[in-house]
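start_13.tsv (TSV, C-alpha atoms and all ligand atoms)
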chain	number	residue	atom	x	y	z
A	62	MET	CA	14.17	7.97	-17.52
A	63	THR	CA	10.99	6.23	-16.46
A	64	ILE	CA	7.47	7.59	-16.09
A	65	ALA	CA	7.11	9.30	-12.72
A	66	GLY	CA	4.56	7.53	-10.56
A	67	SER	CA	4.73	4.28	-12.48
A	68	VAL	CA	4.97	0.93	-10.76
A	69	ARG	CA	7.38	-1.99	-10.98
A	70	PRO	CA	8.11	-5.03	-8.80
A	71	LEU	CA	9.93	-4.27	-5.54
A	72	ALA	CA	13.64	-5.19	-5.71
A	73	LYS	CA	16.45	-5.80	-3.21
A	74	HIS	CA	18.16	-2.58	-4.24
A	75	ASP	CA	15.16	-0.55	-3.01
A	76	ALA	CA	16.20	-0.88	0.64
A	77	GLU	CA	17.85	2.56	0.93
A	78	ALA	CA	14.84	4.25	-0.63
A	79	VAL	CA	12.59	2.36	1.81
A	80	LEU	CA	14.68	3.76	4.65
A	81	ALA	CA	14.30	7.28	3.23
A	82	ALA	CA	10.52	6.83	3.14
A	83	PHE	CA	10.39	5.65	6.75
A	84	ARG	CA	12.52	8.63	7.78
A	85	SER	CA	10.23	11.04	5.91
A	86	ASP	CA	7.33	10.87	8.40
A	87	PRO	CA	7.12	9.70	12.03
A	88	GLN	CA	3.72	8.12	11.19
A	89	MET	CA	5.55	5.61	9.00
A	90	ARG	CA	6.49	3.67	12.13
A	91	ARG	CA	2.98	2.24	11.94
A	92	GLN	CA	4.03	0.54	8.69
A	93	GLY	CA	6.84	-1.43	10.31
A	94	THR	CA	10.22	-1.02	11.95
A	95	VAL	CA	12.78	0.51	9.61
A	96	ARG	CA	15.26	2.74	11.45
A	97	ASP	CA	18.51	1.94	9.66
A	98	VAL	CA	19.87	0.29	6.53
A	99	SER	CA	19.99	-3.21	7.96
A	100	GLU	CA	16.35	-3.01	9.07
A	101	ALA	CA	15.46	-1.69	5.61
A	102	HIS	CA	17.16	-4.69	4.00
A	103	ARG	CA	15.26	-7.03	6.35
A	104	TYR	CA	11.99	-5.28	5.54
A	105	VAL	CA	12.54	-5.66	1.79
A	106	ALA	CA	13.73	-9.27	2.16
A	107	ALA	CA	10.58	-10.13	4.13
A	108	LEU	CA	8.43	-8.63	1.38
A	109	LEU	CA	10.32	-10.56	-1.29
A	110	ASP	CA	10.27	-13.89	0.58
A	111	PRO	CA	8.31	-16.23	-1.72
A	112	ASP	CA	6.96	-18.14	1.29
A	113	ALA	CA	5.27	-14.96	2.50
A	114	HIS	CA	2.97	-14.88	-0.53
A	115	ARG	CA	3.15	-11.13	-1.03
A	116	LEU	CA	2.88	-9.08	-4.19
A	117	SER	CA	5.00	-5.99	-3.60
A	118	TRP	CA	5.13	-3.10	-6.03
A	119	ALA	CA	7.44	-0.10	-5.90
A	120	ILE	CA	6.02	3.25	-6.95
A	121	THR	CA	8.94	5.10	-8.50
A	122	ASP	CA	9.97	8.58	-9.51
A	123	GLU	CA	11.29	9.46	-12.99
A	124	THR	CA	14.73	8.06	-12.09
A	125	ASP	CA	13.27	4.68	-11.07
A	126	VAL	CA	13.92	5.33	-7.36
A	127	LEU	CA	11.26	3.88	-5.06
A	128	VAL	CA	9.11	6.53	-3.40
A	129	GLY	CA	6.14	4.42	-2.38
A	130	LEU	CA	4.85	0.89	-2.02
A	131	VAL	CA	1.64	-0.97	-2.79
A	132	ALA	CA	1.45	-4.56	-1.56
A	133	VAL	CA	-0.97	-7.43	-1.34
A	134	ASN	CA	-0.64	-10.17	1.29
A	135	VAL	CA	-2.17	-13.10	-0.51
A	136	ASP	CA	-4.46	-15.60	1.22
A	137	THR	CA	-4.20	-18.31	-1.43
A	138	ALA	CA	-6.78	-20.69	0.08
A	139	ASN	CA	-9.51	-18.05	0.01
A	140	ARG	CA	-8.30	-16.15	-3.06
A	141	ASN	CA	-8.26	-13.02	-0.92
A	142	GLY	CA	-5.61	-10.37	-0.46
A	143	TRP	CA	-4.87	-7.81	2.24
A	144	PHE	CA	-4.05	-4.59	0.43
A	145	TRP	CA	-1.81	-1.84	1.83
A	146	TYR	CA	0.27	1.09	0.72
A	147	TRP	CA	2.48	3.95	1.77
A	148	MET	CA	4.22	6.92	0.16
A	149	ASN	CA	7.36	8.86	1.09
A	150	ALA	CA	6.02	12.12	2.58
A	151	ALA	CA	8.04	14.16	0.07
A	152	HIS	CA	6.04	12.66	-2.80
A	153	ARG	CA	2.50	12.69	-1.39
A	154	GLY	CA	-0.34	14.68	-2.86
A	155	ARG	CA	0.57	13.95	-6.49
A	156	GLY	CA	-2.04	11.24	-7.03
A	157	TRP	CA	0.69	8.62	-7.39
A	158	SER	CA	-0.61	6.45	-4.53
A	159	SER	CA	-4.15	6.45	-5.90
A	160	ARG	CA	-3.06	5.63	-9.44
A	161	ALA	CA	-0.73	2.88	-8.24
A	162	ALA	CA	-3.46	1.42	-6.01
A	163	ILE	CA	-5.87	1.35	-8.96
A	164	ALA	CA	-3.32	-0.44	-11.15
A	165	VAL	CA	-2.25	-3.01	-8.55
A	166	ALA	CA	-5.80	-3.76	-7.38
A	167	ASN	CA	-7.03	-4.17	-10.95
A	168	GLN	CA	-4.17	-6.51	-11.74
A	169	ALA	CA	-4.61	-8.53	-8.52
A	170	LEU	CA	-8.30	-9.05	-9.33
A	171	GLY	CA	-7.64	-9.86	-12.99
A	172	PRO	CA	-8.14	-13.19	-14.77
A	173	ASP	CA	-6.84	-16.14	-12.69
A	174	GLY	CA	-6.14	-13.69	-9.88
A	175	LEU	CA	-7.76	-13.02	-6.52
A	176	GLU	CA	-11.48	-12.64	-5.97
A	177	ARG	CA	-11.50	-10.27	-3.02
A	178	LEU	CA	-9.20	-7.57	-1.65
A	179	GLU	CA	-9.46	-6.13	1.85
A	180	LEU	CA	-7.92	-3.21	3.69
A	181	GLY	CA	-8.33	-1.16	6.81
A	182	HIS	CA	-7.29	2.34	7.79
A	183	ARG	CA	-7.53	4.50	10.87
A	184	ALA	CA	-10.65	6.66	10.83
A	185	ASN	CA	-8.43	9.72	11.23
A	186	ASN	CA	-6.49	8.97	8.03
A	187	PRO	CA	-8.62	10.57	5.27
A	188	ALA	CA	-5.83	10.37	2.68
A	189	SER	CA	-5.85	6.59	2.96
A	190	ALA	CA	-9.63	6.58	2.54
A	191	ARG	CA	-9.28	8.59	-0.67
A	192	VAL	CA	-6.73	6.11	-2.05
A	193	ALA	CA	-8.96	3.14	-1.14
A	194	GLU	CA	-12.04	4.69	-2.74
A	195	ALA	CA	-10.09	5.65	-5.87
A	196	ALA	CA	-9.03	2.00	-6.18
A	197	GLY	CA	-12.64	0.79	-6.11
A	198	PHE	CA	-12.87	-0.32	-2.48
A	199	VAL	CA	-16.13	0.15	-0.61
A	200	GLN	CA	-16.40	0.58	3.12
A	201	GLU	CA	-17.79	-2.57	4.73
A	202	GLY	CA	-17.41	-1.94	8.40
A	203	ILE	CA	-15.88	-0.24	11.35
A	204	GLU	CA	-13.72	-1.73	14.07
A	205	ARG	CA	-14.51	0.51	16.98
A	206	ALA	CA	-11.70	1.78	19.18
A	207	LYS	CA	-9.27	-0.72	17.65
A	208	PHE	CA	-5.97	1.06	18.25
A	209	LEU	CA	-4.62	2.98	21.21
A	210	ILE	CA	-2.64	5.88	19.76
A	211	ASP	CA	-1.23	8.65	21.95
A	212	GLY	CA	-3.70	7.79	24.69
A	213	GLU	CA	-6.74	7.86	22.39
A	214	ARG	CA	-8.71	4.89	21.10
A	215	ILE	CA	-9.05	5.13	17.32
A	216	ASP	CA	-11.61	3.40	15.09
A	217	VAL	CA	-10.49	1.49	12.01
A	218	LEU	CA	-12.63	1.54	8.86
A	219	THR	CA	-12.63	-1.70	6.89
A	220	TYR	CA	-13.03	-1.94	3.12
A	221	GLY	CA	-13.37	-4.61	0.49
A	222	ARG	CA	-13.32	-4.86	-3.27
A	223	LEU	CA	-14.63	-7.91	-5.11
A	224	ARG	CA	-13.62	-8.92	-8.59
A	225	THR	CA	-17.27	-8.42	-9.55
A	226	ASP	CA	-17.48	-4.87	-8.17
A	227	PRO	CA	-17.48	-1.92	-10.58
A	228	TRP	CA	-13.95	-1.16	-11.66
A	229	PRO	CA	-12.52	2.22	-10.76
A	230	THR	CA	-12.84	4.94	-13.35
A	231	GLY	CA	-9.70	6.88	-12.40
A	232	GLU	CA	-6.41	6.68	-14.27
A	233	ALA	CA	-4.24	3.69	-13.39
A	234	ALA	CA	-0.46	3.88	-13.07
A	235	ILE	CA	1.60	2.15	-15.72
A	236	ILE	CA	2.88	-1.21	-14.50
A	237	ARG	CA	6.40	-1.99	-15.71
A	238	PRO	CA	7.91	-5.49	-15.69
B	301	LIG	C1	-2.19	7.36	2.61
B	301	LIG	C2	-1.06	7.82	1.67
B	301	LIG	C3	-0.47	6.58	1.01
B	301	LIG	C4	-1.63	8.77	0.61
B	301	LIG	O1	-0.58	9.08	-0.25
B	301	LIG	P1	-0.65	10.27	-1.36
B	301	LIG	O2	0.47	9.99	-2.28
B	301	LIG	O3	-0.72	11.59	-0.72
B	301	LIG	O4	-2.04	9.95	-2.07
B	301	LIG	P2	-2.59	10.67	-3.38
B	301	LIG	O5	-1.67	11.76	-3.81
B	301	LIG	O6	-2.90	9.58	-4.34
B	301	LIG	O7	-3.91	11.40	-2.86
B	301	LIG	C5	-4.87	10.78	-2.10
B	301	LIG	C6	-6.05	11.70	-1.82
B	301	LIG	O8	-6.00	12.03	-0.44
B	301	LIG	C7	-6.27	13.41	-0.29
B	301	LIG	N1	-5.65	13.84	0.95
B	301	LIG	C8	-4.36	13.91	1.24
B	301	LIG	N2	-4.19	14.33	2.51
B	301	LIG	C9	-5.43	14.54	3.00
B	301	LIG	C10	-5.93	14.99	4.26
B	301	LIG	N3	-5.12	15.27	5.27
B	301	LIG	N4	-7.26	15.09	4.39
B	301	LIG	C11	-8.11	14.76	3.39
B	301	LIG	N5	-7.69	14.31	2.19
B	301	LIG	C12	-6.37	14.23	2.00
B	301	LIG	C13	-5.70	14.01	-1.52
B	301	LIG	O9	-6.25	15.30	-1.77
B	301	LIG	C14	-6.14	13.01	-2.58
B	301	LIG	O10	-7.52	13.21	-2.82
B	301	LIG	P3	-8.11	13.24	-4.30
B	301	LIG	O11	-7.78	11.92	-4.91
B	301	LIG	O12	-9.57	13.44	-4.10
B	301	LIG	O13	-7.42	14.36	-5.00
B	301	LIG	C15	0.04	8.58	2.46
B	301	LIG	O14	-0.55	9.65	3.15
B	301	LIG	C16	0.81	7.71	3.44
B	301	LIG	O15	1.75	7.03	3.06
B	301	LIG	N6	0.46	7.76	4.72
B	301	LIG	C17	1.18	6.98	5.73
B	301	LIG	C18	0.94	5.51	5.55
B	301	LIG	C19	-0.52	5.17	5.52
B	301	LIG	O16	-1.33	5.77	6.22
B	301	LIG	N7	-0.86	4.18	4.68
B	301	LIG	C20	-2.20	3.68	4.57
B	301	LIG	C21	-2.43	2.73	5.64
B	301	LIG	S1	-3.84	1.74	5.24
Turn this file's structure into structure tokens for me.
Ligand SMILES: CC(C)(COP(=O)(O)OP(=O)(O)OC[C@H]1O[C@@H](n2cnc3c(N)ncnc32)[C@H](O)[C@@H]1OP(=O)(O)O)[C@@H](O)C(=O)NCCC(=O)NCCS
Amino acid sequence: MTIAGSVRPLAKHDAEAVLAAFRSDPQMRRQGTVRDVSEAHRYVAALLDPDAHRLSWAITDETDVLVGLVAVNVDTANRNGWFWYWMNAAHRGRGWSSRAAIAVANQALGPDGLERLELGHRANNPASARVAEAAGFVQEGIERAKFLIDGERIDVLTYGRLRTDPWPTGEAAIIRP
């Protein structure tokens, strides 16, 4: 048994659980194209590709099955990272995404790590805003009418967190090797 809501590195064997997460909510299609097992394997392989410079963390349940993901696309030259996350709909609302985001962001901005993290979310996605704020991100801007979704233009709110910003006070998920 592992601690529910803890975090460990993404692994190849997580592909089926990734597929389950994408099937849990039609909105997940905005996170990529995963409609069957082979697409799930490709999605995981792309995240694990060392040339892609991504840090990918699985959020797991008590049986070590992936239920969510927190990832950082690293921009090595600028010591920046694009931060993103999702959670299987069946496991939302437990605080696991927020705690995992705190842990991964803190680690990414740790000694010898990155100096700035960035993210963006649709203005009509308040749950994502809560996760970002919990993880110490501050809103920096707004990209007006960025996406066309179901015939409506939707703003995107942009956030950043610097290594020198105040660290979040909320509980961080345990990171396992
Ligand atoms: C965004 C997402 C990861 C949040 O996952 P989650 O596991 O429910 O997050 P948490 O349980 O940590 O809770 C986040 C907060 O959002 C709040 N929240 C959830 N749904 C909400 C809603 N519809 N309106 C307002 N707040 C909401 C929760 O109450 C919680 O607030 P709190 O910390 O003040 O208690 C999840 O909804 C998701 O995967 N969405 C689809 C993918 C996505 O949008 N990813 C982000 C793209 S940048």
Exercise. Record the distance separating atom N3 of ligand LIG 301 (chain B) and CA of Asp86 (chain A), expressed in Å with one decimal.
Key: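 Result for atom N3 of ligand LIG 301 (chain B) versus CA of Asp86 (chain A): 13.6 Å, one decimal.
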Please list, as an mmCIF file with C-alpha atoms, in the frame of the given file, the residues that have an atom at most 12 Å away from (5.0, 2.0, -14.9) in the coordinates of this file, counting all atoms listed in the file.
data_model
loop_
_atom_site.group_PDB
_atom_site.id
_atom_site.type_symbol
_atom_site.label_atom_id
_atom_site.label_comp_id
_atom_site.auth_asym_id
_atom_site.auth_seq_id
_atom_site.Cartn_x
_atom_site.Cartn_y
_atom_site.Cartn_z
ATOM 1 C CA MET A 62 14.170 7.970 -17.520
ATOM 2 C CA THR A 63 10.990 6.230 -16.460
ATOM 3 C CA ILE A 64 7.470 7.590 -16.090
ATOM 4 C CA ALA A 65 7.110 9.300 -12.720
ATOM 5 C CA GLY A 66 4.560 7.530 -10.560
ATOM 6 C CA SER A 67 4.730 4.280 -12.480
ATOM 7 C CA VAL A 68 4.970 0.930 -10.760
ATOM 8 C CA ARG A 69 7.380 -1.990 -10.980
ATOM 9 C CA PRO A 70 8.110 -5.030 -8.800
ATOM 10 C CA TRP A 118 5.130 -3.100 -6.030
ATOM 11 C CA ALA A 119 7.440 -0.100 -5.900
ATOM 12 C CA ILE A 120 6.020 3.250 -6.950
ATOM 13 C CA THR A 121 8.940 5.100 -8.500
ATOM 14 C CA ASP A 122 9.970 8.580 -9.510
ATOM 15 C CA GLU A 123 11.290 9.460 -12.990
ATOM 16 C CA THR A 124 14.730 8.060 -12.090
ATOM 17 C CA ASP A 125 13.270 4.680 -11.070
ATOM 18 C CA LEU A 127 11.260 3.880 -5.060
ATOM 19 C CA TRP A 157 0.690 8.620 -7.390
ATOM 20 C CA ARG A 160 -3.060 5.630 -9.440
ATOM 21 C CA ALA A 161 -0.730 2.880 -8.240
ATOM 22 C CA ALA A 164 -3.320 -0.440 -11.150
ATOM 23 C CA VAL A 165 -2.250 -3.010 -8.550
ATOM 24 C CA ALA A 233 -4.240 3.690 -13.390
ATOM 25 C CA ALA A 234 -0.460 3.880 -13.070
ATOM 26 C CA ILE A 235 1.600 2.150 -15.720
ATOM 27 C CA ILE A 236 2.880 -1.210 -14.500
ATOM 28 C CA ARG A 237 6.400 -1.990 -15.710
ATOM 29 C CA PRO A 238 7.910 -5.490 -15.690
#
Self-check item: Between atom N6 of ligand LIG 301 (chain B) and CA of Thr225 (chain A), distance in Å (one decimal)
Solution: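 Atom N6 of ligand LIG 301 (chain B) sits 27.9 Å away from CA of Thr225 (chain A).
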Exercise. Compare A:Pro111, A:Gly142, A:Pro187, A:Gly202 by their minimum atom-to-atom distance to ligand LIG 301 (chain B), counting only C-alpha atoms and all ligand atoms, and give me the closest one.
Key: A:Pro187
Quiz item: What's the 9 Å shell around region 147-155 of chain A, counting all atoms listed in the file, without same-chain residues fewer than 3 positions away, as a list in words?
Solution: Gly66, Ala78, Val79, Ala81, Ala82, Phe83, Arg84, Ser85, Asp86, Met89, Gln92, Ile120, Asp122, Leu127, Val128, Gly129, Leu130, Val131, Ser158, Ser159, Ala188 and Ser189 of chain A
Quiz item: Hey, which of A:Ala106, A:Gly93, A:His114, A:Ala138 ends up closest to ligand LIG 301 (chain B)? Count only C-alpha atoms and all ligand atoms.
Solution: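 When distances to ligand LIG 301 (chain B) are compared using only C-alpha atoms and all ligand atoms, the smallest one comes from A:Gly93.
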Practice problem: Could you give me, as a list in words, the residues within 9 Å of region 190-192 of chain A, counting all atoms listed in the file and dropping anything in the same chain fewer than 6 positions from it? | Solution: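 Surrounding residues, per the criterion: Gly156, Ser158, Ser159, Arg160, Ala162, Ile163, Gly181, His182, Arg183, Ala184, Phe198 and Leu218 of chain A.
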Practice problem: Find the residue from A:Thr230, A:Ser117, A:Asn141, A:Asn185 that sits nearest to ligand LIG 301 (chain B); use only C-alpha atoms and all ligand atoms when measuring. | Solution: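 Ranking A:Thr230, A:Ser117, A:Asn141, A:Asn185 by distance to ligand LIG 301 (chain B), first place goes to A:Asn185.
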Quiz item: What is the atom P3 of ligand LIG 301 (chain B) to CA of Ala76 (chain A) distance in Å?
Solution: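 Atom-to-atom, atom P3 of ligand LIG 301 (chain B) and CA of Ala76 (chain A) are spaced 28.5 Å apart.
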Quiz prompt | Shortest interatomic distance to ligand LIG 301 (chain B) - which of A:Ala196, A:Leu71, A:Leu180, A:Ala169, counting all atoms listed in the file | solution =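 Selected residue with least distance to ligand LIG 301 (chain B): A:Leu180.
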Practice problem: Measuring atom to atom with all atoms listed in the file, identify which of A:Glu194, A:Asp226, A:Asp75, A:Glu213 is nearest to ligand LIG 301 (chain B). | Solution: A:Glu194
Practice problem: Name the closest residue to ligand LIG 301 (chain B) among the candidates A:Arg91, A:Arg222, A:Lys207, A:Arg140; distances are taken between atoms, counting all atoms listed in the file. | Solution: A:Arg91
Self-check item: Distance query Gly221 (chain A) at most 7 Å, only C-alpha atoms, self and fewer than 3 positions along chain excluded, as a PyMOL selection string
Solution: chain A and resi 177-180+198-201
Practice problem: Take the point (8.8, -6.1, 4.5) in the file's coordinates, draw a sphere of radius 10 Å around it, and report as a PyMOL selection string every protein, DNA or RNA residue with an atom inside or on it, counting only C-alpha atoms. | Solution: chain A and resi 76+79+92-95+100-110+113+115+117+132
Padding 5 Å on every side, please: axis-aligned box over the listed atoms of ligand LIG 301 (chain B), centre and edge lengths to one decimal in Å, as JSON.
{"center_x": -3.9, "center_y": 8.5, "center_z": 0.6, "size_x": 21.3, "size_y": 23.6, "size_z": 21.2}
Self-check item: Residues near Arg224 (chain A), cut-off 8 Å, only C-alpha atoms, skip fewer than 3 positions along chain, as a PyMOL selection string
Solution: chain A and resi 170-171+175-177
Can you rebuild region 156-167 of chain A with all heavy atoms and give it as an mmCIF file, in the frame of the given file?
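Writing done, so here's part22.cif:
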data_model
loop_
_atom_site.group_PDB
_atom_site.id
_atom_site.type_symbol
_atom_site.label_atom_id
_atom_site.label_comp_id
_atom_site.auth_asym_id
_atom_site.auth_seq_id
_atom_site.Cartn_x
_atom_site.Cartn_y
_atom_site.Cartn_z
ATOM 1 N N GLY A 156 -1.152 12.239 -6.422
ATOM 2 C CA GLY A 156 -2.040 11.240 -7.030
ATOM 3 C C GLY A 156 -1.337 9.934 -7.351
ATOM 4 O O GLY A 156 -1.961 9.008 -7.884
ATOM 5 N N TRP A 157 -0.061 9.834 -7.020
ATOM 6 C CA TRP A 157 0.690 8.620 -7.390
ATOM 7 C C TRP A 157 0.194 7.402 -6.608
ATOM 8 O O TRP A 157 0.120 6.293 -7.159
ATOM 9 C CB TRP A 157 2.192 8.805 -7.144
ATOM 10 C CG TRP A 157 2.834 9.785 -8.069
ATOM 11 C CD1 TRP A 157 2.215 10.541 -9.040
ATOM 12 C CD2 TRP A 157 4.214 10.119 -8.114
ATOM 13 N NE1 TRP A 157 3.144 11.332 -9.669
ATOM 14 C CE2 TRP A 157 4.379 11.094 -9.131
ATOM 15 C CE3 TRP A 157 5.344 9.718 -7.399
ATOM 16 C CZ2 TRP A 157 5.622 11.658 -9.444
ATOM 17 C CZ3 TRP A 157 6.574 10.271 -7.697
ATOM 18 C CH2 TRP A 157 6.714 11.223 -8.716
ATOM 19 N N SER A 158 -0.133 7.603 -5.319
ATOM 20 C CA SER A 158 -0.610 6.450 -4.530
ATOM 21 C C SER A 158 -1.927 5.943 -5.091
ATOM 22 O O SER A 158 -2.131 4.729 -5.235
ATOM 23 C CB SER A 158 -0.785 6.836 -3.062
ATOM 24 O OG SER A 158 0.436 7.236 -2.511
ATOM 25 N N SER A 159 -2.838 6.866 -5.387
ATOM 26 C CA SER A 159 -4.150 6.450 -5.900
ATOM 27 C C SER A 159 -3.995 5.715 -7.221
ATOM 28 O O SER A 159 -4.587 4.646 -7.426
ATOM 29 C CB SER A 159 -5.053 7.673 -6.095
ATOM 30 O OG SER A 159 -5.255 8.322 -4.865
ATOM 31 N N ARG A 160 -3.200 6.261 -8.117
ATOM 32 C CA ARG A 160 -3.060 5.630 -9.440
ATOM 33 C C ARG A 160 -2.391 4.252 -9.319
ATOM 34 O O ARG A 160 -2.762 3.303 -10.011
ATOM 35 C CB ARG A 160 -2.303 6.549 -10.391
ATOM 36 C CG ARG A 160 -3.133 7.768 -10.792
ATOM 37 C CD ARG A 160 -2.639 8.387 -12.079
ATOM 38 N NE ARG A 160 -1.412 9.154 -11.903
ATOM 39 C CZ ARG A 160 -1.371 10.440 -11.553
ATOM 40 N NH1 ARG A 160 -2.494 11.106 -11.338
ATOM 41 N NH2 ARG A 160 -0.223 11.060 -11.429
ATOM 42 N N ALA A 161 -1.395 4.176 -8.432
ATOM 43 C CA ALA A 161 -0.730 2.880 -8.240
ATOM 44 C C ALA A 161 -1.696 1.872 -7.613
ATOM 45 O O ALA A 161 -1.724 0.704 -8.003
ATOM 46 C CB ALA A 161 0.500 3.058 -7.352
ATOM 47 N N ALA A 162 -2.507 2.331 -6.655
ATOM 48 C CA ALA A 162 -3.460 1.420 -6.010
ATOM 49 C C ALA A 162 -4.483 0.920 -7.023
ATOM 50 O O ALA A 162 -4.857 -0.263 -7.014
ATOM 51 C CB ALA A 162 -4.154 2.126 -4.844
ATOM 52 N N ILE A 163 -4.927 1.778 -7.916
ATOM 53 C CA ILE A 163 -5.870 1.350 -8.960
ATOM 54 C C ILE A 163 -5.215 0.251 -9.813
ATOM 55 O O ILE A 163 -5.799 -0.817 -10.053
ATOM 56 C CB ILE A 163 -6.276 2.537 -9.861
ATOM 57 C CG1 ILE A 163 -7.100 3.556 -9.071
ATOM 58 C CG2 ILE A 163 -7.047 2.051 -11.094
ATOM 59 C CD1 ILE A 163 -7.328 4.874 -9.816
ATOM 60 N N ALA A 164 -3.985 0.513 -10.257
ATOM 61 C CA ALA A 164 -3.320 -0.440 -11.150
ATOM 62 C C ALA A 164 -3.087 -1.783 -10.473
ATOM 63 O O ALA A 164 -3.356 -2.851 -11.057
ATOM 64 C CB ALA A 164 -1.983 0.154 -11.622
ATOM 65 N N VAL A 165 -2.588 -1.753 -9.236
ATOM 66 C CA VAL A 165 -2.250 -3.010 -8.550
ATOM 67 C C VAL A 165 -3.523 -3.781 -8.180
ATOM 68 O O VAL A 165 -3.588 -4.999 -8.337
ATOM 69 C CB VAL A 165 -1.384 -2.723 -7.303
ATOM 70 C CG1 VAL A 165 -1.196 -3.976 -6.460
ATOM 71 C CG2 VAL A 165 -0.023 -2.152 -7.732
ATOM 72 N N ALA A 166 -4.550 -3.065 -7.723
ATOM 73 C CA ALA A 166 -5.800 -3.760 -7.380
ATOM 74 C C ALA A 166 -6.432 -4.373 -8.624
ATOM 75 O O ALA A 166 -6.890 -5.525 -8.597
ATOM 76 C CB ALA A 166 -6.775 -2.791 -6.689
ATOM 77 N N ASN A 167 -6.456 -3.619 -9.713
ATOM 78 C CA ASN A 167 -7.030 -4.170 -10.950
ATOM 79 C C ASN A 167 -6.274 -5.426 -11.381
ATOM 80 O O ASN A 167 -6.878 -6.427 -11.782
ATOM 81 C CB ASN A 167 -6.966 -3.138 -12.082
ATOM 82 C CG ASN A 167 -7.980 -2.014 -11.916
ATOM 83 O OD1 ASN A 167 -8.828 -2.049 -11.027
ATOM 84 N ND2 ASN A 167 -7.884 -1.006 -12.770
#
